[in-house]
file entry-v6.txt (compact mmCIF, C-alpha atoms)
# COMPACT_ATOMS: atom_id res chain seq x y z
CA MET J 15 98.55 133.60 115.70
CA LEU J 16 101.70 131.53 116.28
CA SER J 17 101.91 129.83 119.69
CA ARG J 18 104.60 127.53 121.05
CA ILE J 19 104.53 123.77 121.72
CA THR J 20 107.47 122.36 123.67
CA SER J 21 106.27 118.96 124.91
CA SER J 22 106.00 115.66 123.04
CA ASP J 23 103.03 114.91 125.32
CA ASN J 24 101.03 117.78 123.86
CA ALA J 25 97.60 116.59 122.61
CA ARG J 26 98.14 118.01 119.13
CA VAL J 27 101.53 116.33 118.83
CA LYS J 28 99.94 113.03 119.82
CA LEU J 29 97.18 113.57 117.25
CA VAL J 30 99.72 114.12 114.45
CA ARG J 31 101.45 110.88 115.42
CA LYS J 32 98.12 109.05 115.40
CA LEU J 33 97.31 110.37 111.95
CA GLN J 34 100.45 108.77 110.53
CA THR J 35 98.49 105.47 110.52
CA ARG J 36 95.52 104.54 108.34
CA LYS J 37 93.59 103.42 111.42
CA GLY J 38 94.20 106.77 113.08
CA ARG J 39 93.05 108.71 110.02
CA SER J 40 89.93 106.58 109.81
CA GLU J 41 89.08 107.05 113.48
CA GLU J 42 89.63 110.82 113.45
CA SER J 43 88.50 111.55 109.87
CA LYS J 44 91.56 113.77 109.62
CA PHE J 45 94.93 113.67 107.85
CA VAL J 46 98.31 115.39 107.90
CA ALA J 47 99.56 117.42 104.93
CA GLU J 48 103.34 117.82 105.03
CA GLY J 49 105.40 120.52 103.34
CA ILE J 50 104.77 123.94 101.85
CA ASN J 51 103.32 122.55 98.60
CA LEU J 52 100.54 120.57 100.26
CA VAL J 53 99.87 123.14 102.96
CA SER J 54 99.57 125.88 100.33
CA GLU J 55 97.07 123.77 98.39
CA LEU J 56 95.05 123.33 101.59
CA ILE J 57 95.07 127.03 102.40
CA SER J 58 93.87 127.93 98.92
CA GLY J 59 91.26 125.16 98.86
CA ASP J 60 88.02 124.51 100.69
CA LEU J 61 89.06 121.85 103.19
CA ASP J 62 88.76 122.55 106.90
CA ILE J 63 92.20 123.06 108.49
CA ASP J 64 92.35 122.27 112.21
CA PHE J 65 95.81 123.66 112.87
CA LEU J 66 99.32 124.23 111.50
CA MET J 67 102.68 123.22 112.94
CA ILE J 68 105.87 125.02 111.93
CA SER J 69 109.44 123.99 112.69
CA SER J 70 111.77 126.44 114.41
CA ASP J 71 114.11 125.86 111.43
CA PHE J 72 111.56 127.23 108.97
CA ASP J 73 113.12 129.85 106.66
CA LYS J 74 110.91 132.85 107.26
CA SER J 75 112.98 135.13 105.03
CA SER J 76 112.23 133.39 101.72
CA GLU J 77 110.52 135.43 99.00
CA ASP J 78 108.46 132.43 97.86
CA GLU J 79 104.91 133.65 97.16
CA ARG J 80 103.50 130.60 98.89
CA LEU J 81 105.13 131.76 102.11
CA HIS J 82 103.43 135.14 101.90
CA ALA J 83 100.08 133.34 101.75
CA LEU J 84 101.15 131.07 104.60
CA TRP J 85 102.07 133.95 106.92
CA GLU J 86 98.89 135.79 106.05
CA TYR J 87 96.97 132.68 107.04
CA VAL J 88 99.00 132.25 110.25
CA ASP J 89 98.41 135.88 111.22
CA ALA J 90 94.64 135.58 110.86
CA PRO J 91 92.96 135.84 114.29
CA ASP J 92 91.05 132.56 113.99
CA THR J 93 94.03 130.45 112.84
CA ALA J 94 95.53 127.85 115.19
CA ALA J 95 99.26 127.68 114.43
CA PHE J 96 102.12 126.39 116.57
CA GLU J 97 105.90 126.55 116.43
CA LEU J 98 107.87 123.46 117.51
CA ASP J 99 111.55 122.91 118.14
CA SER J 100 113.00 121.33 114.99
CA ARG J 101 113.96 118.13 116.82
CA LEU J 102 110.40 117.63 118.02
CA PHE J 103 108.94 118.59 114.64
CA ASP J 104 111.18 116.19 112.70
CA LYS J 105 109.87 113.26 114.74
CA LEU J 106 106.39 113.89 113.35
CA THR J 107 107.19 113.08 109.72
CA ASP J 108 108.74 110.23 107.75
CA ALA J 109 109.85 112.54 104.94
CA GLU J 110 113.49 112.12 103.98
CA HIS J 111 114.11 115.85 103.92
CA GLY J 112 113.00 118.56 106.31
CA ILE J 113 109.50 119.77 105.49
CA ASP J 114 109.31 122.49 108.20
CA VAL J 115 105.51 122.92 108.04
CA LEU J 116 102.49 120.64 108.29
CA ALA J 117 98.75 120.99 108.60
CA VAL J 118 96.04 118.79 110.11
CA ALA J 119 92.80 118.91 108.13
CA GLY J 120 89.50 117.11 107.92
CA ILE J 121 88.99 114.38 105.33
CA LYS J 122 86.28 115.22 102.83
CA GLU J 123 84.35 111.97 102.53
CA TYR J 124 82.26 110.86 99.56
CA ASP J 125 79.98 107.88 99.04
CA ALA J 126 78.28 106.17 96.12
CA ASP J 127 75.42 108.67 96.19
CA PHE J 128 77.90 111.39 95.25
CA VAL J 129 78.74 109.56 92.02
CA LYS J 130 75.07 109.64 91.06
CA THR J 131 75.17 113.45 91.11
CA LEU J 132 77.89 113.60 88.45
CA PRO J 133 77.01 114.15 84.78
CA PRO J 134 76.47 110.75 83.13
CA GLU J 135 79.01 111.55 80.43
CA SER J 136 81.78 112.12 83.00
CA CYS J 137 84.48 109.49 83.46
CA LEU J 138 85.53 107.65 86.61
CA LEU J 139 88.83 105.99 87.45
CA VAL J 140 88.50 102.76 89.43
CA SER J 141 91.40 101.51 91.55
CA ASP J 142 91.30 97.75 91.97
CA ARG J 143 93.75 97.23 94.85
CA ILE J 144 96.43 99.67 93.69
CA GLN J 145 99.03 99.49 96.47
CA ASP J 146 102.02 101.59 95.44
CA PRO J 147 101.76 105.17 96.78
CA GLY J 148 103.68 106.55 93.80
CA ASN J 149 101.36 104.87 91.32
CA MET J 150 98.28 106.06 93.17
CA GLY J 151 99.58 109.61 93.39
CA THR J 152 100.44 109.70 89.69
CA MET J 153 97.03 108.32 88.76
CA ILE J 154 95.27 110.98 90.83
CA ARG J 155 97.28 113.77 89.22
CA THR J 156 96.57 112.37 85.77
CA ALA J 157 92.87 112.03 86.54
CA VAL J 158 92.77 115.73 87.40
CA ALA J 159 94.75 116.63 84.28
CA THR J 160 92.47 114.65 81.97
CA GLY J 161 89.22 115.91 83.41
CA TYR J 162 88.07 112.74 85.15
CA SER J 163 85.36 113.45 87.73
CA ALA J 164 86.09 111.02 90.56
CA ILE J 165 88.09 108.01 91.67
CA ILE J 166 86.43 104.87 93.01
CA ALA J 167 88.63 102.82 95.31
CA LEU J 168 87.93 99.14 95.89
CA PRO J 169 88.99 97.34 99.10
CA GLY J 170 92.75 96.76 99.13
CA THR J 171 93.55 100.16 97.62
CA VAL J 172 96.17 102.27 99.37
CA ASP J 173 94.87 105.12 101.55
CA VAL J 174 95.01 108.27 99.41
CA TYR J 175 95.53 110.35 102.56
CA SER J 176 98.70 108.56 103.57
CA PRO J 177 101.72 110.92 103.61
CA LYS J 178 103.43 109.16 100.69
CA VAL J 179 100.37 109.28 98.44
CA LEU J 180 99.69 112.91 99.35
CA ARG J 181 103.25 113.88 98.41
CA ALA J 182 102.97 111.96 95.13
CA THR J 183 99.76 113.80 94.21
CA ALA J 184 101.39 117.21 94.79
CA GLY J 185 98.13 118.24 96.43
CA LYS J 186 95.89 117.34 93.49
CA VAL J 187 94.04 114.81 95.62
CA PHE J 188 92.27 117.85 97.11
CA ASP J 189 90.79 118.47 93.64
CA MET J 190 89.65 114.89 93.04
CA PRO J 191 86.80 113.21 94.96
CA VAL J 192 87.78 109.71 96.09
CA VAL J 193 84.96 107.27 96.85
CA TYR J 194 85.80 104.13 98.82
CA ILE J 195 83.24 101.41 98.15
CA SER J 196 82.51 98.01 99.67
CA GLY J 197 83.45 95.82 96.72
CA GLU J 198 82.84 94.61 93.18
CA ARG J 199 79.07 94.28 93.54
CA GLU J 200 78.77 97.93 94.51
CA LEU J 201 80.93 98.91 91.54
CA LYS J 202 78.55 97.04 89.23
CA GLU J 203 75.56 98.75 90.85
CA ILE J 204 77.09 102.21 90.50
CA ALA J 205 77.88 101.61 86.84
CA ALA J 206 74.38 100.29 86.11
CA GLU J 207 72.60 103.10 87.99
CA THR J 208 74.65 105.86 86.35
CA GLY J 209 74.75 104.34 82.87
CA ARG J 210 78.51 104.01 82.72
CA ARG J 211 80.40 101.31 80.87
CA ILE J 212 82.99 99.39 82.87
CA VAL J 213 86.26 99.33 80.93
CA VAL J 214 89.09 96.95 81.79
CA THR J 215 92.51 96.25 80.35
CA VAL J 216 93.53 92.71 79.48
CA PRO J 217 96.97 91.54 78.28
CA THR J 218 95.55 89.87 75.20
CA GLY J 219 92.23 89.41 73.46
CA GLY J 220 90.87 92.91 73.96
CA ASN J 221 90.29 95.53 71.30
CA GLU J 222 93.10 98.00 70.70
CA TYR J 223 92.35 100.84 73.08
CA TYR J 224 92.36 103.50 70.35
CA LYS J 225 89.56 101.66 68.51
CA GLU J 226 87.19 102.02 71.47
CA ASP J 227 85.31 105.15 72.50
CA LEU J 228 86.83 105.98 75.87
CA GLN J 229 86.00 109.68 75.79
CA GLU J 230 82.96 109.75 78.05
CA GLY J 231 80.63 107.76 80.28
CA ILE J 232 83.11 105.10 81.42
CA ALA J 233 84.42 103.61 84.64
CA LEU J 234 88.03 102.76 83.79
CA VAL J 235 89.46 100.01 86.00
CA ILE J 236 93.20 99.81 86.73
CA GLY J 237 94.30 96.68 88.55
CA ASN J 238 96.78 95.72 91.23
CA GLU J 239 100.46 96.06 90.27
CA GLY J 240 101.18 92.35 90.62
CA ARG J 241 97.85 90.60 90.12
CA GLY J 242 96.05 92.88 87.72
CA ILE J 243 92.28 93.28 87.61
CA SER J 244 90.19 90.69 89.43
CA GLU J 245 88.50 88.06 87.30
CA ASN J 246 85.08 89.06 88.62
CA ILE J 247 85.51 92.60 87.34
CA ILE J 248 86.82 91.37 83.99
CA ASP J 249 83.73 89.16 83.69
CA MET J 250 81.36 92.06 84.40
CA ALA J 251 83.16 94.51 82.09
CA ASP J 252 81.38 96.09 79.14
CA VAL J 253 84.60 96.84 77.27
CA ARG J 254 87.94 95.05 77.26
CA VAL J 255 90.92 96.82 75.78
CA THR J 256 94.52 95.85 75.17
CA LEU J 257 97.55 98.11 74.97
CA PRO J 258 99.66 96.94 72.00
CA MET J 259 103.25 96.31 73.07
CA LYS J 260 106.45 95.46 71.26
CA GLY J 261 109.87 94.38 72.45
CA ASN J 262 108.69 91.33 74.40
CA ILE J 263 107.08 93.54 77.08
CA GLU J 264 104.33 91.77 79.00
CA SER J 265 102.77 94.74 80.78
CA LEU J 266 103.16 98.42 81.60
CA ASN J 267 103.38 100.14 84.94
CA ALA J 268 99.85 100.68 86.31
CA ALA J 269 100.15 104.47 86.36
CA VAL J 270 101.53 104.56 82.81
CA ALA J 271 98.71 102.38 81.49
CA ALA J 272 96.16 104.51 83.33
CA ALA J 273 97.59 107.71 81.85
CA ILE J 274 97.46 106.41 78.29
CA LEU J 275 93.84 105.37 78.66
CA MET J 276 92.68 108.44 80.58
CA TYR J 277 94.09 110.76 77.95
CA GLU J 278 91.69 109.15 75.48
CA ALA J 279 89.07 111.36 77.16
CA ASN J 280 90.76 114.33 75.49
CA ARG J 281 91.31 112.88 72.03
CA ARG J 282 89.10 114.16 69.25
call {"tool": "encode", "arguments": {"input": "entry-v6.txt", "output": "structure tokens"}}
result
Amino acid sequence: MLSRITSSDNARVKLVRKLQTRKGRSEESKFVAEGINLVSELISGDLDIDFLMISSDFDKSSEDERLHALWEYVDAPDTAAFELDSRLFDKLTDAEHGIDVLAVAGIKEYDADFVKTLPPESCLLVSDRIQDPGNMGTMIRTAVATGYSAIIALPGTVDVYSPKVLRATAGKVFDMPVVYISGERELKEIAAETGRRIVVTVPTGGNEYYKEDLQEGIALVIGNEGRGISENIIDMADVRVTLPMKGNIESLNAAVAAAILMYEANRR
């Protein structure tokens, strides 16, 4: 049922503010999903939703099917949902345009043991310090689209539950397990224990990517936007590939390169 929150000192309002920071999300093991797209994905998924907040400016007359599902969820007797004055609500988000609805949900955490439960032929995407939220979001969406099974995030990678990354994934992060690991040594151990080949991209000297078998059983590493893949990971790699480029182009955007290589999983 829909209750009313009027004070900025309300405990749930303070929690939403706290969850706008990576430290807050880590401490609470919760995140904020902003907007009807993300909230709808949460409602239809299997994540635990703590509560919803809805702006007083929310257009309740829209015929959007997602809104029907939202109001059905709000009307359920065990749902915690709250209406806030639009001025108070707008202070809880950094979105450029009014989002009118948000949800607080629990983070579904995975560790290295989860990777060991995946079929050995499945592919993993490894983020080596990807920092741009747009790149990370695009990579997650592409990983889902290409049938990758999980993402491994090395230290220095952007938080996939930050508001900007969540918006960039269009909710597909809820369909993709993300495993944060301690570092390069653990990556090597995971690959060895699960029989996966570590694949890296190098500007020159690698085999053309389409000449390598990238269809199954790989851990594909995509490196930091400015510094690329760490030398230690390049040294431990089983396969080094190069993306042929013309026109005096030195490198591609990280998300573009990742998409080209991940779609190799679907080429026959």
call {"tool": "atom_distance", "arguments": {"input": "entry-v6.txt", "atom1": "CA of Ala233 in chain J", "atom2": "CA of Leu139 in chain J"}}
result
5.7 Å
call {"tool": "atom_distance", "arguments": {"input": "entry-v6.txt", "atom1": "CA of Ile50 in chain J", "atom2": "CA of Pro147 in chain J"}}
result
19.7 Å
call {"tool": "atom_distance", "arguments": {"input": "entry-v6.txt", "atom1": "CA of Leu84 in chain J", "atom2": "CA of Leu116 in chain J"}}
result
11.1 Å
call {"tool": "closest_residue", "arguments": {"input": "entry-v6.txt", "among": "J:Glu135, J:Asp125, J:Asp146, J:Asp227", "to": "Ile166 in chain J", "atoms": "all atoms listed in the file"}}
result
J:Asp125
call {"tool": "residues_near_point", "arguments": {"input": "entry-v6.txt", "point": "(90.8, 99.6, 69.3)", "cutoff": "12 Å", "atoms": "all atoms listed in the file", "output": "list of chain:residue names"}}
result
J:Thr215, J:Gly219, J:Gly220, J:Asn221, J:Glu222, J:Tyr223, J:Tyr224, J:Lys225, J:Glu226, J:Asp227, J:Leu228, J:Val253, J:Arg254, J:Val255, J:Thr256, J:Leu257, J:Pro258, J:Leu275, J:Glu278
call {"tool": "residues_around", "arguments": {"input": "entry-v6.txt", "residues": "Phe96 in chain J", "least_positions_apart": "5", "cutoff": "7 Å", "atoms": "all atoms listed in the file", "output": "list of chain:residue names"}}
result
J:Leu16, J:Ser17, J:Arg18, J:Ile19, J:Leu66, J:Met67, J:Ile68
call {"tool": "closest_residue", "arguments": {"input": "entry-v6.txt", "among": "J:Leu201, J:Leu168, J:Val140, J:Val129", "to": "Leu234 in chain J", "atoms": "all atoms listed in the file"}}
result
J:Val140
call {"tool": "closest_residue", "arguments": {"input": "entry-v6.txt", "among": "J:Val53, J:Val213, J:Ile63, J:Ile232", "to": "Asp249 in chain J", "atoms": "only C-alpha atoms"}}
result
J:Val213
call {"tool": "closest_residue", "arguments": {"input": "entry-v6.txt", "among": "J:Val187, J:Ala159, J:Ala271, J:Ala126", "to": "Glu207 in chain J", "atoms": "only C-alpha atoms"}}
result
J:Ala126
call {"tool": "residues_near_point", "arguments": {"input": "entry-v6.txt", "point": "(99.3, 92.3, 86.1)", "cutoff": "9 Å", "atoms": "only C-alpha atoms", "output": "PyMOL selection string"}}
result
chain J and resi 216-217+237-243+264-268
call {"tool": "residues_around", "arguments": {"input": "entry-v6.txt", "residues": "Glu48 in chain J", "least_positions_apart": "6", "cutoff": "12 Å", "atoms": "all atoms listed in the file", "output": "CSV table (one decimal) with C-alpha atoms, in the coordinates of the input"}}
result
chain,number,residue,atom,x,y,z
J,30,VAL,CA,99.7,114.1,114.4
J,33,LEU,CA,97.3,110.4,112.0
J,34,GLN,CA,100.4,108.8,110.5
J,54,SER,CA,99.6,125.9,100.3
J,55,GLU,CA,97.1,123.8,98.4
J,56,LEU,CA,95.0,123.3,101.6
J,66,LEU,CA,99.3,124.2,111.5
J,67,MET,CA,102.7,123.2,112.9
J,68,ILE,CA,105.9,125.0,111.9
J,69,SER,CA,109.4,124.0,112.7
J,103,PHE,CA,108.9,118.6,114.6
J,104,ASP,CA,111.2,116.2,112.7
J,106,LEU,CA,106.4,113.9,113.4
J,107,THR,CA,107.2,113.1,109.7
J,108,ASP,CA,108.7,110.2,107.8
J,109,ALA,CA,109.8,112.5,104.9
J,110,GLU,CA,113.5,112.1,104.0
J,111,HIS,CA,114.1,115.8,103.9
J,112,GLY,CA,113.0,118.6,106.3
J,113,ILE,CA,109.5,119.8,105.5
J,114,ASP,CA,109.3,122.5,108.2
J,115,VAL,CA,105.5,122.9,108.0
J,116,LEU,CA,102.5,120.6,108.3
J,117,ALA,CA,98.8,121.0,108.6
J,118,VAL,CA,96.0,118.8,110.1
J,119,ALA,CA,92.8,118.9,108.1
J,175,TYR,CA,95.5,110.4,102.6
J,176,SER,CA,98.7,108.6,103.6
J,177,PRO,CA,101.7,110.9,103.6
J,178,LYS,CA,103.4,109.2,100.7
J,179,VAL,CA,100.4,109.3,98.4
J,180,LEU,CA,99.7,112.9,99.4
J,181,ARG,CA,103.2,113.9,98.4
J,182,ALA,CA,103.0,112.0,95.1
J,184,ALA,CA,101.4,117.2,94.8
J,185,GLY,CA,98.1,118.2,96.4
call {"tool": "residues_around", "arguments": {"input": "entry-v6.txt", "residues": "Glu123 in chain J", "least_positions_apart": "6", "cutoff": "12 Å", "atoms": "all atoms listed in the file", "output": "ChimeraX atom specification"}}
result
/J:39-40,43-45,61,174-175,188,190-195
call {"tool": "residues_around", "arguments": {"input": "entry-v6.txt", "residues": "Glu203 in chain J", "least_positions_apart": "2", "cutoff": "12 Å", "atoms": "all atoms listed in the file", "output": "list in words"}}
result
Ala126, Asp127, Val129, Lys130, Ile195, Ser196, Gly197, Glu198, Arg199, Glu200, Leu201, Ala205, Ala206, Glu207, Thr208, Gly209, Arg210, Arg211, Ile212, Ala233 and Met250 of chain J
call {"tool": "closest_residue", "arguments": {"input": "entry-v6.txt", "among": "J:Met276, J:Val158, J:Val214, J:Leu98", "to": "Thr183 in chain J", "atoms": "only C-alpha atoms"}}
result
J:Val158
call {"tool": "closest_residue", "arguments": {"input": "entry-v6.txt", "among": "J:Ile121, J:Glu86, J:Val27, J:Asp92", "to": "Glu42 in chain J", "atoms": "all atoms listed in the file"}}
result
J:Ile121
